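Trainee: Coordinates in upload-v4.cif, mmCIF, C-alpha atoms, are listed below.
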data_work
#
loop_
_atom_site.label_atom_id
_atom_site.label_comp_id
_atom_site.auth_asym_id
_atom_site.auth_seq_id
_atom_site.Cartn_x
_atom_site.Cartn_y
_atom_site.Cartn_z
CA MET A 35 -187.04 19.07 112.10
CA ALA A 36 -187.60 15.33 112.13
CA ARG A 37 -190.40 13.33 113.67
CA VAL A 38 -189.15 10.92 116.34
CA GLU A 39 -191.05 8.15 118.03
CA VAL A 40 -189.74 6.71 121.28
CA LEU A 41 -191.08 4.36 123.92
CA VAL A 42 -190.71 5.67 127.45
CA PRO A 43 -192.30 4.81 130.75
CA PRO A 44 -195.50 6.77 131.42
CA SER A 45 -193.81 8.59 134.30
CA ALA A 46 -191.16 10.04 131.95
CA ARG A 47 -193.60 11.25 129.26
CA ASP A 48 -193.77 14.83 130.56
CA GLU A 49 -189.98 15.02 130.79
CA ILE A 50 -189.55 13.90 127.17
CA LEU A 51 -192.18 16.39 126.00
CA ALA A 52 -190.39 19.18 127.88
CA VAL A 53 -187.06 18.29 126.27
CA ALA A 54 -188.69 18.25 122.82
CA ALA A 55 -190.29 21.65 123.45
CA ARG A 56 -186.94 23.06 124.57
CA LEU A 57 -185.20 21.72 121.45
CA ARG A 58 -187.87 23.22 119.18
CA ALA A 59 -187.55 26.60 120.91
CA GLU A 60 -183.75 26.57 120.56
CA HIS A 61 -184.08 25.68 116.88
CA ARG A 62 -186.50 28.56 116.30
CA ARG A 63 -184.21 31.01 118.11
CA ALA A 64 -181.22 29.88 116.05
CA ASN A 65 -183.23 30.33 112.84
CA GLU A 66 -184.31 33.82 113.94
CA LEU A 67 -180.69 34.74 114.77
CA ASN A 68 -179.56 33.47 111.36
CA ARG A 69 -182.25 35.55 109.67
CA LEU A 70 -181.25 38.67 111.62
CA CYS A 71 -177.56 38.09 110.82
CA GLU A 72 -178.30 37.74 107.12
CA GLN A 73 -180.42 40.89 107.19
CA ALA A 74 -177.67 42.81 108.97
CA LEU A 75 -174.94 41.60 106.67
CA SER A 76 -176.91 42.31 103.52
CA SER A 77 -177.48 45.91 104.64
CA TYR A 78 -174.34 46.83 106.60
CA ARG A 79 -171.53 44.37 105.77
CA THR A 80 -169.08 46.91 104.34
CA ARG A 81 -169.60 49.40 107.16
CA ILE A 82 -169.38 47.04 110.11
CA LEU A 83 -167.04 44.19 109.18
CA ASP A 84 -163.75 45.75 108.21
CA ASN A 85 -161.37 43.31 109.96
CA VAL A 86 -163.70 40.63 111.30
CA ASP A 87 -163.63 37.01 110.11
CA LEU A 88 -167.01 35.56 111.07
CA ASP A 89 -166.00 32.07 109.93
CA ARG A 90 -163.65 31.76 112.89
CA LEU A 91 -166.45 32.21 115.42
CA PRO A 92 -167.78 28.95 116.89
CA SER A 93 -171.53 29.51 117.01
CA VAL A 94 -174.42 31.50 115.63
CA GLN A 95 -174.75 33.28 118.97
CA ALA A 96 -171.11 34.41 118.85
CA LYS A 97 -171.48 35.66 115.27
CA ALA A 98 -174.71 37.49 116.11
CA SER A 99 -173.09 39.10 119.14
CA VAL A 100 -170.11 40.38 117.12
CA ILE A 101 -172.34 41.65 114.31
CA ALA A 102 -174.72 43.33 116.75
CA ARG A 103 -171.95 45.12 118.66
CA ALA A 104 -170.37 46.31 115.41
CA MET A 105 -173.72 47.62 114.18
CA ILE A 106 -174.35 49.46 117.43
CA ASP A 107 -170.89 51.05 117.31
CA ARG A 108 -170.64 51.86 113.59
CA GLY A 109 -174.13 51.90 112.15
CA ASP A 110 -176.98 54.34 111.84
CA ALA A 111 -180.19 54.38 113.88
CA ARG A 112 -181.65 51.38 112.05
CA ALA A 113 -178.44 49.43 112.57
CA PHE A 114 -178.51 50.34 116.26
CA ALA A 115 -182.09 49.06 116.59
CA LEU A 116 -181.30 45.84 114.73
CA GLY A 117 -178.18 45.34 116.85
CA ARG A 118 -180.18 45.72 120.06
CA LYS A 119 -182.74 43.24 118.76
CA MET A 120 -179.97 40.75 117.97
CA LEU A 121 -178.40 41.15 121.41
CA ALA A 122 -181.79 40.55 123.00
CA GLN A 123 -182.12 37.31 121.00
CA VAL A 124 -178.61 36.24 122.03
CA GLY A 125 -179.45 36.96 125.66
CA ALA A 126 -182.58 34.82 125.41
CA SER A 127 -180.56 31.81 124.24
#
Could the structure of this file be written out as structure tokens, please?
Mentor:
Amino acid sequence: MARVEVLVPPSARDEILAVAARLRAEHRRANELNRLCEQALSSYRTRILDNVDLDRLPSVQAKASVIARAMIDRGDARAFALGRKMLAQVGAS
């Protein structure tokens, strides 16, 4: 995050604040998805990613979606719960 100072007309102040709030929320969601992906991969990588190349996927949301679906299909109960949590985060984005 970086502090930004801009001069805008008083009528546009609320709009700029709303955009900044939206950007902060998206950043937090992306960080949470990254954390969940790292948690999933550290626990279940060998069981869920047999022929998947995550580096070819364009975004964090796409990677999280693939990881979550693989965990739901191939994992245990904890993997299923984590996969559902990841899909809920992807859906919120």
Trainee: Determine the residue membership of the PyMOL selection byres ((chain A and resi 63) around 12) for the file above and supply it as a PyMOL selection string.
Mentor: chain A and resi 56-62+64-70+94-95+98+120+122-127
Trainee: I would like the residues chosen by the PyMOL selection byres ((chain A and resi 106-108) around 12) on the shown file; could you give them as a ChimeraX atom specification?
Mentor: /A:74,78-84,99-105,109-121
Trainee: Quick one: 4 Å padding each side, axis-aligned, all listed atoms of stretch 61-80 of chain A - centre and edge lengths in Å to one decimal, as JSON?
Mentor:
{"center_x": -177.8, "center_y": 36.3, "center_z": 110.8, "size_x": 25.4, "size_y": 29.2, "size_z": 22.6}
Trainee: Quick one: of A:Ala96, A:Val86, A:Cys71, A:Ala54, who's nearest to A:Val40, counting only C-alpha atoms?
Mentor: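 Distance minimum relative to A:Val40 lands on A:Ala54.
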